[in-house]
$ cat final-v1.tsv   # TSV, C-alpha atoms and all ligand atoms
chain	number	residue	atom	x	y	z
A	19	MET	CA	219.50	3.47	29.86
A	20	LYS	CA	215.85	2.80	30.56
A	21	ILE	CA	215.32	0.16	33.26
A	22	VAL	CA	212.17	-1.93	33.60
A	23	LYS	CA	211.16	-3.57	36.85
A	24	LEU	CA	209.67	-6.95	36.03
A	25	GLY	CA	207.19	-7.99	38.70
A	26	GLN	CA	207.27	-7.46	42.45
A	27	GLN	CA	210.18	-9.75	43.23
A	28	GLY	CA	212.90	-7.24	42.34
A	29	LEU	CA	214.06	-8.26	38.87
A	30	GLN	CA	215.30	-5.21	36.94
A	31	VAL	CA	216.31	-5.35	33.29
A	32	PRO	CA	217.17	-2.91	30.52
A	33	ALA	CA	214.06	-2.00	28.50
A	34	VAL	CA	215.80	-3.26	25.37
A	35	GLY	CA	217.18	-6.77	25.68
A	36	LEU	CA	218.59	-9.14	23.09
A	37	GLY	CA	216.70	-12.06	21.57
A	38	CYS	CA	219.27	-14.70	20.72
A	39	MET	CA	217.09	-17.26	18.92
A	40	GLY	CA	218.05	-16.24	15.37
A	41	MET	CA	221.73	-16.79	16.19
A	42	SER	CA	221.09	-20.55	16.09
A	43	GLU	CA	217.89	-21.36	14.21
A	44	PHE	CA	214.76	-20.23	12.37
A	45	TYR	CA	215.88	-17.10	10.52
A	46	GLY	CA	218.48	-18.38	8.07
A	47	GLN	CA	222.21	-19.04	8.25
A	48	SER	CA	224.11	-17.94	11.32
A	49	ASP	CA	227.74	-17.91	12.33
A	50	ASP	CA	228.80	-18.64	15.91
A	51	THR	CA	232.01	-16.61	15.64
A	52	LYS	CA	230.06	-13.53	14.57
A	53	SER	CA	227.38	-14.18	17.19
A	54	LEU	CA	229.99	-14.39	19.95
A	55	LYS	CA	231.41	-11.04	18.81
A	56	LEU	CA	227.92	-9.56	18.85
A	57	LEU	CA	227.32	-10.87	22.37
A	58	ASP	CA	230.61	-9.23	23.47
A	59	GLU	CA	229.43	-5.97	21.99
A	60	ALA	CA	226.02	-6.30	23.63
A	61	ILE	CA	227.69	-6.58	27.05
A	62	GLU	CA	229.87	-3.57	26.28
A	63	ILE	CA	226.92	-1.30	25.45
A	64	GLY	CA	224.81	-2.56	28.39
A	65	CYS	CA	222.36	-4.70	26.41
A	66	ASN	CA	222.71	-7.54	28.89
A	67	PHE	CA	219.20	-9.00	29.16
A	68	TRP	CA	219.57	-12.06	26.95
A	69	ASP	CA	216.80	-14.34	25.88
A	70	THR	CA	217.20	-17.97	24.85
A	71	SER	CA	215.45	-21.33	25.22
A	72	ASP	CA	216.54	-24.93	25.41
A	73	MET	CA	214.63	-25.57	22.18
A	74	TYR	CA	216.47	-22.99	20.03
A	75	GLY	CA	218.90	-24.90	17.86
A	76	PRO	CA	217.75	-27.18	19.45
A	77	PHE	CA	220.09	-26.85	22.41
A	78	THR	CA	222.90	-25.05	20.53
A	79	ASN	CA	221.66	-21.54	21.35
A	80	GLU	CA	222.12	-22.20	25.07
A	81	GLU	CA	225.57	-23.65	24.34
A	82	LEU	CA	226.48	-20.51	22.41
A	83	LEU	CA	225.40	-18.29	25.29
A	84	GLY	CA	227.30	-20.56	27.67
A	85	LYS	CA	230.49	-19.74	25.74
A	86	ALA	CA	229.70	-16.03	25.75
A	87	LEU	CA	229.15	-16.06	29.51
A	88	ALA	CA	232.44	-17.66	30.44
A	89	ASN	CA	234.23	-15.65	33.16
A	90	ARG	CA	231.60	-12.89	33.22
A	91	ARG	CA	228.39	-14.59	34.23
A	92	ASP	CA	227.53	-11.71	36.56
A	93	LYS	CA	227.44	-9.23	33.66
A	94	VAL	CA	224.35	-10.80	32.11
A	95	ILE	CA	220.71	-11.18	33.09
A	96	LEU	CA	220.04	-14.54	31.55
A	97	ALA	CA	216.58	-15.75	30.61
A	98	THR	CA	215.88	-19.21	29.25
A	99	LYS	CA	212.87	-21.49	28.83
A	100	PHE	CA	211.75	-25.10	29.02
A	101	GLY	CA	208.62	-26.93	28.02
A	102	ILE	CA	208.74	-27.39	24.25
A	103	LYS	CA	210.44	-30.76	23.83
A	104	ARG	CA	212.75	-31.36	20.91
A	105	GLY	CA	215.01	-34.19	19.86
A	106	GLN	CA	218.71	-33.81	19.13
A	107	ASP	CA	217.76	-34.18	15.45
A	108	GLY	CA	215.39	-31.20	15.69
A	109	ALA	CA	212.18	-33.28	15.95
A	110	TRP	CA	209.24	-31.67	17.74
A	111	LEU	CA	208.17	-33.86	20.67
A	112	GLY	CA	205.29	-31.94	22.26
A	113	MET	CA	205.11	-30.04	25.54
A	114	SER	CA	206.00	-31.01	29.05
A	115	GLY	CA	205.40	-29.26	32.34
A	116	SER	CA	205.66	-32.27	34.63
A	117	PRO	CA	207.67	-31.58	37.80
A	118	GLU	CA	210.27	-34.25	36.93
A	119	TYR	CA	210.69	-32.77	33.45
A	120	VAL	CA	211.03	-29.21	34.78
A	121	LYS	CA	213.87	-30.21	37.09
A	122	ALA	CA	215.70	-32.30	34.49
A	123	ALA	CA	215.29	-29.55	31.86
A	124	CYS	CA	216.71	-26.95	34.24
A	125	ASP	CA	219.77	-29.07	35.06
A	126	ALA	CA	220.38	-29.67	31.36
A	127	SER	CA	220.07	-25.93	30.61
A	128	LEU	CA	222.47	-25.01	33.43
A	129	LYS	CA	225.03	-27.41	32.00
A	130	ARG	CA	224.74	-26.04	28.47
A	131	LEU	CA	224.76	-22.46	29.72
A	132	ASN	CA	227.90	-23.16	31.71
A	133	THR	CA	226.42	-21.59	34.84
A	134	ASP	CA	224.89	-22.56	38.17
A	135	TYR	CA	221.92	-20.20	38.03
A	136	ILE	CA	219.35	-18.83	35.60
A	137	ASP	CA	218.08	-15.32	36.28
A	138	LEU	CA	214.66	-15.74	34.70
A	139	TYR	CA	213.28	-19.19	33.93
A	140	TYR	CA	210.15	-19.35	31.78
A	141	GLN	CA	207.75	-22.14	30.98
A	142	HIS	CA	207.79	-21.75	27.19
A	143	ARG	CA	204.25	-23.05	26.59
A	144	PRO	CA	201.67	-24.51	28.98
A	145	ASP	CA	201.33	-28.28	29.04
A	146	PRO	CA	197.61	-29.07	28.58
A	147	ASN	CA	198.06	-32.32	30.52
A	148	VAL	CA	199.65	-30.86	33.66
A	149	PRO	CA	197.88	-28.35	35.93
A	150	ILE	CA	199.92	-25.15	35.89
A	151	GLU	CA	200.12	-25.16	39.69
A	152	GLU	CA	202.17	-28.38	39.56
A	153	THR	CA	204.61	-26.94	37.05
A	154	ILE	CA	204.95	-23.72	39.04
A	155	GLY	CA	205.44	-25.74	42.23
A	156	ALA	CA	208.44	-27.43	40.62
A	157	MET	CA	209.77	-24.07	39.37
A	158	ALA	CA	209.45	-22.65	42.89
A	159	GLU	CA	211.59	-25.53	44.16
A	160	LEU	CA	214.25	-24.51	41.65
A	161	VAL	CA	214.22	-21.03	43.18
A	162	GLN	CA	214.57	-22.53	46.66
A	163	ALA	CA	217.48	-24.64	45.41
A	164	GLY	CA	219.23	-21.49	44.13
A	165	LYS	CA	219.19	-22.66	40.52
A	166	VAL	CA	216.72	-20.01	39.37
A	167	ARG	CA	216.24	-16.43	40.61
A	168	TYR	CA	212.87	-15.46	39.10
A	169	ILE	CA	210.17	-17.31	37.22
A	170	GLY	CA	208.11	-16.45	34.17
A	171	LEU	CA	205.62	-17.83	31.69
A	172	SER	CA	205.17	-17.50	27.94
A	173	GLU	CA	201.94	-17.44	25.93
A	174	VAL	CA	199.53	-18.42	28.71
A	175	SER	CA	195.91	-17.40	29.17
A	176	ALA	CA	194.87	-14.76	31.71
A	177	GLU	CA	193.31	-17.56	33.81
A	178	ASP	CA	196.47	-19.68	33.87
A	179	LEU	CA	198.56	-16.63	34.65
A	180	GLU	CA	196.42	-15.87	37.68
A	181	LYS	CA	196.48	-19.48	38.92
A	182	ALA	CA	200.25	-19.60	38.46
A	183	HIS	CA	200.77	-16.30	40.29
A	184	GLN	CA	198.71	-17.52	43.22
A	185	THR	CA	201.02	-20.55	43.47
A	186	TYR	CA	204.28	-18.59	43.33
A	187	PRO	CA	204.95	-14.94	42.34
A	188	ILE	CA	205.51	-14.66	38.60
A	189	SER	CA	207.97	-11.95	37.56
A	190	ALA	CA	207.34	-11.85	33.83
A	191	LEU	CA	205.01	-12.92	31.09
A	192	GLN	CA	206.71	-13.20	27.72
A	193	THR	CA	204.34	-12.99	24.76
A	194	GLU	CA	204.31	-11.55	21.26
A	195	LEU	CA	203.47	-7.86	21.16
A	196	SER	CA	204.15	-5.44	18.34
A	197	LEU	CA	202.35	-3.17	15.90
A	198	TRP	CA	201.04	-6.23	14.04
A	199	SER	CA	200.35	-8.45	17.08
A	200	ARG	CA	198.21	-6.50	19.52
A	201	ASP	CA	195.74	-9.14	20.75
A	202	VAL	CA	197.36	-9.33	24.20
A	203	GLU	CA	196.29	-5.77	24.90
A	204	LYS	CA	192.67	-6.90	25.29
A	205	ARG	CA	192.83	-9.36	28.21
A	206	ILE	CA	196.38	-10.46	28.91
A	207	LEU	CA	198.08	-7.10	29.44
A	208	PRO	CA	195.35	-5.83	31.80
A	209	LYS	CA	195.68	-9.07	33.83
A	210	VAL	CA	199.47	-8.75	33.91
A	211	ARG	CA	199.05	-5.22	35.27
A	212	GLU	CA	196.38	-6.17	37.80
A	213	LEU	CA	198.75	-8.82	39.17
A	214	GLY	CA	201.82	-6.56	39.11
A	215	ILE	CA	203.73	-8.81	36.72
A	216	GLY	CA	206.20	-7.51	34.13
A	217	PHE	CA	205.73	-7.98	30.39
A	218	VAL	CA	208.46	-9.06	27.98
A	219	ALA	CA	207.50	-8.47	24.35
A	220	TYR	CA	208.88	-11.06	21.98
A	221	SER	CA	209.17	-10.60	18.21
A	222	PRO	CA	208.78	-6.83	18.81
A	223	LEU	CA	209.86	-6.16	15.21
A	224	GLY	CA	207.29	-8.56	13.79
A	225	ARG	CA	210.01	-11.15	13.13
A	226	GLY	CA	211.79	-8.51	11.07
A	227	PHE	CA	208.79	-7.48	8.95
A	228	LEU	CA	208.14	-4.14	10.68
A	229	THR	CA	211.67	-2.98	9.91
A	230	GLY	CA	210.86	-2.74	6.21
A	231	ALA	CA	213.60	-5.23	5.32
A	232	ILE	CA	211.21	-7.92	4.07
A	233	LYS	CA	209.28	-6.84	0.97
A	234	LYS	CA	209.03	-10.20	-0.79
A	235	ARG	CA	209.55	-13.87	-0.03
A	236	ASP	CA	212.89	-13.79	-1.88
A	237	ASP	CA	214.21	-11.50	0.87
A	238	LEU	CA	214.25	-14.61	3.09
A	239	GLU	CA	216.86	-17.32	2.64
A	240	PRO	CA	215.76	-20.80	1.58
A	241	GLY	CA	215.06	-22.78	4.75
A	242	ASP	CA	214.07	-19.70	6.77
A	243	TRP	CA	211.24	-20.75	9.10
A	244	ARG	CA	209.28	-17.60	8.24
A	245	LEU	CA	208.64	-18.96	4.74
A	246	SER	CA	206.22	-21.40	6.37
A	247	ASN	CA	204.63	-18.76	8.62
A	248	PRO	CA	201.22	-17.50	7.40
A	249	ARG	CA	202.26	-13.86	7.73
A	250	PHE	CA	205.02	-14.35	5.20
A	251	SER	CA	202.95	-15.79	2.34
A	252	GLU	CA	203.14	-13.72	-0.84
A	253	GLU	CA	199.65	-12.35	-0.28
A	254	ALA	CA	200.31	-11.52	3.39
A	255	ILE	CA	203.59	-9.77	2.67
A	256	ALA	CA	201.97	-7.66	-0.06
A	257	ASN	CA	199.00	-6.69	2.11
A	258	ASN	CA	200.88	-6.13	5.37
A	259	GLN	CA	203.36	-3.82	3.65
A	260	LYS	CA	200.86	-0.98	4.16
A	261	LEU	CA	201.44	-1.17	7.89
A	262	VAL	CA	205.19	-0.95	7.39
A	263	GLU	CA	204.68	2.06	5.12
A	264	LYS	CA	202.89	3.87	7.95
A	265	VAL	CA	205.73	3.08	10.35
A	266	GLN	CA	208.28	4.18	7.76
A	267	GLU	CA	206.40	7.45	7.16
A	268	ILE	CA	206.74	8.37	10.85
A	269	ALA	CA	210.34	7.18	10.88
A	270	ASN	CA	211.17	9.44	7.92
A	271	GLU	CA	209.59	12.45	9.63
A	272	LYS	CA	211.72	11.80	12.73
A	273	ASP	CA	214.85	10.82	10.83
A	274	VAL	CA	215.06	7.46	12.59
A	275	THR	CA	214.54	3.90	11.32
A	276	ALA	CA	211.25	1.99	11.07
A	277	SER	CA	212.62	-0.57	13.55
A	278	GLN	CA	213.23	2.23	16.05
A	279	VAL	CA	209.70	3.57	15.67
A	280	ALA	CA	208.28	0.05	16.18
A	281	LEU	CA	210.32	-0.36	19.38
A	282	ALA	CA	209.69	3.16	20.68
A	283	TRP	CA	205.92	2.64	20.20
A	284	LEU	CA	206.13	-0.57	22.22
A	285	LEU	CA	208.16	0.93	25.05
A	286	ALA	CA	205.73	3.87	25.20
A	287	LYS	CA	203.01	1.36	26.17
A	288	GLY	CA	204.30	1.31	29.73
A	289	ASP	CA	207.20	1.22	32.17
A	290	ASP	CA	206.43	-2.43	32.86
A	291	ILE	CA	207.28	-3.55	29.31
A	292	ALA	CA	210.67	-4.70	28.07
A	293	ALA	CA	211.35	-5.70	24.47
A	294	ILE	CA	213.77	-8.35	23.27
A	295	PRO	CA	214.47	-7.67	19.59
A	296	GLY	CA	216.52	-10.41	17.98
A	297	THR	CA	219.48	-9.73	15.75
A	298	ARG	CA	222.71	-11.21	14.44
A	299	ARG	CA	224.19	-7.88	13.38
A	300	SER	CA	226.06	-5.13	15.18
A	301	LYS	CA	224.36	-2.40	13.14
A	302	TYR	CA	220.90	-3.58	14.17
A	303	LEU	CA	221.94	-4.16	17.78
A	304	ASN	CA	222.97	-0.51	18.00
A	305	PHE	CA	219.83	0.78	16.25
A	306	ASN	CA	217.63	-1.28	18.56
A	307	TRP	CA	219.52	-0.25	21.68
A	308	ALA	CA	219.24	3.43	20.69
A	309	ALA	CA	215.46	3.08	20.27
A	310	GLN	CA	214.99	3.47	24.03
A	311	GLU	CA	216.08	7.11	23.69
A	312	ILE	CA	213.54	7.91	20.98
A	313	VAL	CA	210.49	9.71	22.25
A	314	LEU	CA	207.35	9.58	20.15
A	315	SER	CA	204.93	12.48	20.50
A	316	GLN	CA	201.36	11.82	21.63
A	317	LYS	CA	200.29	12.56	18.06
A	318	GLU	CA	202.69	9.99	16.63
A	319	ILE	CA	201.63	7.36	19.17
A	320	ALA	CA	197.97	8.03	18.43
A	321	ALA	CA	198.59	7.76	14.69
A	322	LEU	CA	200.37	4.40	15.10
A	323	ASP	CA	197.75	3.17	17.56
A	324	SER	CA	194.77	3.98	15.40
A	325	PHE	CA	196.34	2.83	12.13
A	326	SER	CA	197.46	-0.53	13.55
A	327	GLN	CA	194.17	-1.03	15.39
A	328	SER	CA	192.06	-0.71	12.27
A	329	PHE	CA	194.57	-2.45	10.01
A	330	LYS	CA	193.57	-5.98	9.02
A	331	VAL	CA	196.77	-7.99	9.26
A	332	VAL	CA	196.74	-10.90	6.81
A	333	GLY	CA	197.98	-14.20	8.27
A	334	GLU	CA	197.86	-15.77	11.70
A	335	ARG	CA	200.84	-15.36	14.05
A	336	TYR	CA	201.64	-19.07	13.69
B	401	LIG	N1	208.42	-17.02	23.86
B	401	LIG	C1	208.30	-17.34	22.59
B	401	LIG	O1	207.50	-18.20	22.22
B	401	LIG	C2	209.17	-16.65	21.57
B	401	LIG	C3	208.84	-16.74	20.21
B	401	LIG	C4	209.65	-16.06	19.29
B	401	LIG	C5	210.75	-15.33	19.72
B	401	LIG	N2	211.05	-15.29	21.06
B	401	LIG	C6	212.21	-14.53	21.54
B	401	LIG	O2	212.08	-13.18	21.12
B	401	LIG	C7	213.27	-12.78	20.44
B	401	LIG	C8	212.96	-11.74	19.39
B	401	LIG	O3	211.97	-12.19	18.50
B	401	LIG	P1	212.26	-12.55	16.97
B	401	LIG	O4	213.72	-12.74	16.77
B	401	LIG	O5	211.31	-13.64	16.66
B	401	LIG	O6	211.73	-11.31	16.14
B	401	LIG	P2	212.07	-9.76	16.07
B	401	LIG	O7	212.95	-9.37	17.17
B	401	LIG	O8	210.77	-9.11	15.91
B	401	LIG	O9	212.82	-9.68	14.67
B	401	LIG	C9	214.03	-10.32	14.41
B	401	LIG	C10	214.37	-10.12	12.95
B	401	LIG	O10	214.49	-8.74	12.67
B	401	LIG	C11	215.74	-8.44	12.10
B	401	LIG	N3	216.18	-7.17	12.71
B	401	LIG	C12	216.47	-6.94	14.02
B	401	LIG	N4	216.76	-5.65	14.22
B	401	LIG	C13	216.66	-5.04	13.02
B	401	LIG	C14	216.84	-3.71	12.59
B	401	LIG	N5	217.18	-2.74	13.45
B	401	LIG	N6	216.66	-3.42	11.26
B	401	LIG	C15	216.32	-4.39	10.38
B	401	LIG	N7	216.11	-5.69	10.75
B	401	LIG	C16	216.29	-6.01	12.05
B	401	LIG	C17	216.64	-9.59	12.45
B	401	LIG	O11	217.60	-9.74	11.44
B	401	LIG	P3	219.06	-10.36	11.69
B	401	LIG	O12	218.87	-11.60	12.50
B	401	LIG	O13	219.54	-10.62	10.32
B	401	LIG	O14	219.88	-9.36	12.41
B	401	LIG	C18	215.66	-10.75	12.49
B	401	LIG	O15	215.45	-11.27	11.20
B	401	LIG	C19	213.86	-14.08	19.90
B	401	LIG	O16	215.22	-13.97	19.63
B	401	LIG	C20	213.54	-15.04	21.02
B	401	LIG	O17	214.54	-14.93	22.02
B	401	LIG	C21	210.25	-15.92	21.97

$ encode --input "final-v1.tsv" --output "structure tokens"
Amino acid sequence: MKIVKLGQQGLQVPAVGLGCMGMSEFYGQSDDTKSLKLLDEAIEIGCNFWDTSDMYGPFTNEELLGKALANRRDKVILATKFGIKRGQDGAWLGMSGSPEYVKAACDASLKRLNTDYIDLYYQHRPDPNVPIEETIGAMAELVQAGKVRYIGLSEVSAEDLEKAHQTYPISALQTELSLWSRDVEKRILPKVRELGIGFVAYSPLGRGFLTGAIKKRDDLEPGDWRLSNPRFSEEAIANNQKLVEKVQEIANEKDVTASQVALAWLLAKGDDIAAIPGTRRSKYLNFNWAAQEIVLSQKEIAALDSFSQSFKVVGERY
């Protein structure tokens, strides 16, 4: 198993974690009984770096993980997030990073997760109305109180990351990175490295697109959030397929899957990068977990790098 050290504070995680979001919302129907079985299997194989957020569900994804953790909390490295406010009815209520909110959100997450500590607590999105130092100050107090072990941020600018890190050591930045989302490589990733912070790549399979499983809008269930995402319009899907074809070509040559090539390319970017592919299926969990053993040659990496760099992806990330 490949281990990634996230930041200077001592947090170590498997290079391939498990994104749990789709088990409760966004990517079509899910089934808690099946998800709990999958979480059991993930623990068994060692895929124990789990990613959730209070806003997935909303709230039900943390509750699901809380059930999965019962009597074996110590077997899992649990990451959750706060900061994107949602109502019980699913309404979107803006961002909050106020110190009072941070503390209340953490207590609520601990209750749902059925635990007394969170291994990695992220601010999900910056709050434009609260200086990041204030939010980080409150997160640092959670560490002092023993409720949180390490802190992280998601989707912040290089400037905010630096300010935050000066306030309290940040262990991980979680942001989208994959063969079709490479913007972070310009400014964010160099800053992360300069500061000695770890990087957690979310949506490493391009929300499923890079696996080759999505060739038309009808491949997504009615109600799937991706149907409203610009990268999944009919035009975008048709255009972006060429990128998947390139990934598939290399996968065929190596006799592995496109999803494994996408993950192996990402992990080859550095020992400070962990990926958290999301899945609801045992077959995919095992493919994704095995991707850490796949070694791409320099030629294959260069081919993927140059093709994806010059490829004009149609559709914004959000
Ligand atoms: N910080 C943030 O703002 C943020 C934003 C988005 C996501 N995240 C986190 O990142 C995690 C992963 O991102 P994601 O779920 O958006 O996207 P992803 O991991 O890129 O892709 C997930 C999709 O790919 C499919 N899939 C997974 N493995 C596959 C395989 N081997 N072959 C074929 N299809 C496969 C899944 O299908 P099935 O579900 O049907 O198995 C699902 O539809 C999330 O679960 C969440 O924890 C964070």

$ atom_distance --input "final-v1.tsv" --atom1 "atom C19 of ligand LIG 401 (chain B)" --atom2 "CA of Thr193 (chain A)"
10.7 Å

$ closest_atom_pairs --input "final-v1.tsv" --of "chain A" --to "ligand LIG 401 (chain B)" --cutoff "6 Å" --atoms "only C-alpha atoms and all ligand atoms" --output "Markdown table"
| residue | atom | partner | partner_atom | distance |
| --- | --- | --- | --- | --- |
| A:Gly37 | CA | B:LIG401 | O16 | 3.1 |
| A:Cys38 | CA | B:LIG401 | O16 | 4.3 |
| A:Met39 | CA | B:LIG401 | O16 | 3.9 |
| A:Gly40 | CA | B:LIG401 | O12 | 5.5 |
| A:Tyr45 | CA | B:LIG401 | O15 | 5.9 |
| A:Asp69 | CA | B:LIG401 | O17 | 4.5 |
| A:Thr70 | CA | B:LIG401 | O17 | 4.9 |
| A:His142 | CA | B:LIG401 | N1 | 5.8 |
| A:Ser172 | CA | B:LIG401 | N1 | 5.2 |
| A:Gln192 | CA | B:LIG401 | N1 | 5.7 |
| A:Thr193 | CA | B:LIG401 | N1 | 5.8 |
| A:Tyr220 | CA | B:LIG401 | O2 | 3.9 |
| A:Ser221 | CA | B:LIG401 | O8 | 3.2 |
| A:Pro222 | CA | B:LIG401 | O8 | 4.2 |
| A:Leu223 | CA | B:LIG401 | O8 | 3.2 |
| A:Gly224 | CA | B:LIG401 | O8 | 4.1 |
| A:Arg225 | CA | B:LIG401 | O6 | 3.5 |
| A:Gly226 | CA | B:LIG401 | O10 | 3.1 |
| A:Thr229 | CA | B:LIG401 | C15 | 4.9 |
| A:Ala231 | CA | B:LIG401 | C15 | 5.8 |
| A:Ser277 | CA | B:LIG401 | N5 | 5.1 |
| A:Ile294 | CA | B:LIG401 | C8 | 5.2 |
| A:Pro295 | CA | B:LIG401 | O7 | 3.3 |
| A:Gly296 | CA | B:LIG401 | O7 | 3.8 |
| A:Thr297 | CA | B:LIG401 | O14 | 3.4 |
| A:Arg298 | CA | B:LIG401 | O14 | 3.9 |
| A:Arg299 | CA | B:LIG401 | O14 | 4.7 |
| A:Tyr302 | CA | B:LIG401 | N5 | 3.9 |
| A:Phe305 | CA | B:LIG401 | N5 | 5.2 |
| A:Asn306 | CA | B:LIG401 | N5 | 5.3 |

$ closest_residue --input "final-v1.tsv" --among "A:Gly214, A:Pro187, A:Gly241, A:Gly164" --to "Ile136 (chain A)" --atoms "all atoms listed in the file"
A:Gly164

$ atom_distance --input "final-v1.tsv" --atom1 "CA of Ala60 (chain A)" --atom2 "CA of Leu96 (chain A)"
12.9 Å

$ atom_distance --input "final-v1.tsv" --atom1 "CA of Ile154 (chain A)" --atom2 "CA of Ile206 (chain A)"
18.8 Å

$ closest_residue --input "final-v1.tsv" --among "A:Arg235, A:Lys287, A:Lys264, A:Arg200" --to "Gln316 (chain A)" --atoms "all atoms listed in the file"
A:Lys287

$ residues_around --input "final-v1.tsv" --residues "Glu62 (chain A)" --least-positions-apart "6" --cutoff "12 Å" --atoms "only C-alpha atoms" --output "PyMOL selection string"
chain A and resi 55-56+90+93-94+300+303-304+307

$ closest_residue --input "final-v1.tsv" --among "A:Leu207, A:Leu128, A:Leu54, A:Ile188" --to "Gln27 (chain A)" --atoms "all atoms listed in the file"
A:Ile188

$ closest_residue --input "final-v1.tsv" --among "A:Asn270, A:Ser53, A:Thr98, A:Ser196" --to "Leu285 (chain A)" --atoms "only C-alpha atoms"
A:Ser196

$ residues_around --input "final-v1.tsv" --residues "Lys165 (chain A)" --least-positions-apart "6" --cutoff "10 Å" --atoms "all atoms listed in the file" --output "number ranges by chain"
A: 121, 124-125, 128, 133-137, 139, 157, 159

$ write_last_selection --input "final-v1.tsv" --atoms "C-alpha atoms" --output "PDB file, in the frame of the given file"
ATOM      1  CA  LYS A 121     213.870 -30.210  37.090  1.00  0.00           C
ATOM      2  CA  CYS A 124     216.710 -26.950  34.240  1.00  0.00           C
ATOM      3  CA  ASP A 125     219.770 -29.070  35.060  1.00  0.00           C
ATOM      4  CA  LEU A 128     222.470 -25.010  33.430  1.00  0.00           C
ATOM      5  CA  THR A 133     226.420 -21.590  34.840  1.00  0.00           C
ATOM      6  CA  ASP A 134     224.890 -22.560  38.170  1.00  0.00           C
ATOM      7  CA  TYR A 135     221.920 -20.200  38.030  1.00  0.00           C
ATOM      8  CA  ILE A 136     219.350 -18.830  35.600  1.00  0.00           C
ATOM      9  CA  ASP A 137     218.080 -15.320  36.280  1.00  0.00           C
ATOM     10  CA  TYR A 139     213.280 -19.190  33.930  1.00  0.00           C
ATOM     11  CA  MET A 157     209.770 -24.070  39.370  1.00  0.00           C
ATOM     12  CA  GLU A 159     211.590 -25.530  44.160  1.00  0.00           C
TER      13      GLU A 159
END

$ axis_aligned_box --input "final-v1.tsv" --around "region 176-190 of chain A" --padding-each-side "5 Å" --output "JSON"
{"center_x": 200.6, "center_y": -16.2, "center_z": 37.6, "size_x": 24.7, "size_y": 18.7, "size_z": 21.8}

$ build_atoms --input "final-v1.tsv" --residues "region 225-238 of chain A" --atoms "N, CA and C atoms" --output "compact mmCIF listing (two decimals), in the coordinates of the input"
# COMPACT_ATOMS: atom_id res chain seq x y z
N ARG A 225 209.08 -10.18 13.73
CA ARG A 225 210.01 -11.15 13.13
C ARG A 225 210.78 -10.52 11.97
N GLY A 226 211.00 -9.22 12.08
CA GLY A 226 211.79 -8.51 11.07
C GLY A 226 210.92 -7.74 10.08
N PHE A 227 209.65 -8.07 9.99
CA PHE A 227 208.79 -7.48 8.95
C PHE A 227 208.61 -5.97 9.16
N LEU A 228 208.43 -5.55 10.41
CA LEU A 228 208.14 -4.14 10.68
C LEU A 228 209.33 -3.21 10.42
N THR A 229 210.48 -3.80 10.18
CA THR A 229 211.67 -2.98 9.91
C THR A 229 211.71 -2.49 8.46
N GLY A 230 210.86 -3.10 7.62
CA GLY A 230 210.86 -2.74 6.21
C GLY A 230 211.85 -3.54 5.39
N ALA A 231 212.56 -4.47 6.04
CA ALA A 231 213.60 -5.23 5.32
C ALA A 231 213.03 -6.39 4.51
N ILE A 232 211.77 -6.75 4.77
CA ILE A 232 211.21 -7.92 4.07
C ILE A 232 210.05 -7.45 3.18
N LYS A 233 210.31 -7.35 1.89
CA LYS A 233 209.28 -6.84 0.97
C LYS A 233 208.76 -7.93 0.06
N LYS A 234 209.47 -9.06 0.02
CA LYS A 234 209.03 -10.20 -0.79
C LYS A 234 209.64 -11.47 -0.20
N ARG A 235 209.07 -12.61 -0.59
CA ARG A 235 209.55 -13.87 -0.03
C ARG A 235 211.03 -14.10 -0.34
N ASP A 236 211.49 -13.60 -1.49
CA ASP A 236 212.89 -13.79 -1.88
C ASP A 236 213.86 -13.07 -0.93
N ASP A 237 213.33 -12.16 -0.11
CA ASP A 237 214.21 -11.50 0.87
C ASP A 237 214.58 -12.45 2.01
N LEU A 238 213.93 -13.61 2.05
CA LEU A 238 214.25 -14.61 3.09
C LEU A 238 215.04 -15.74 2.43
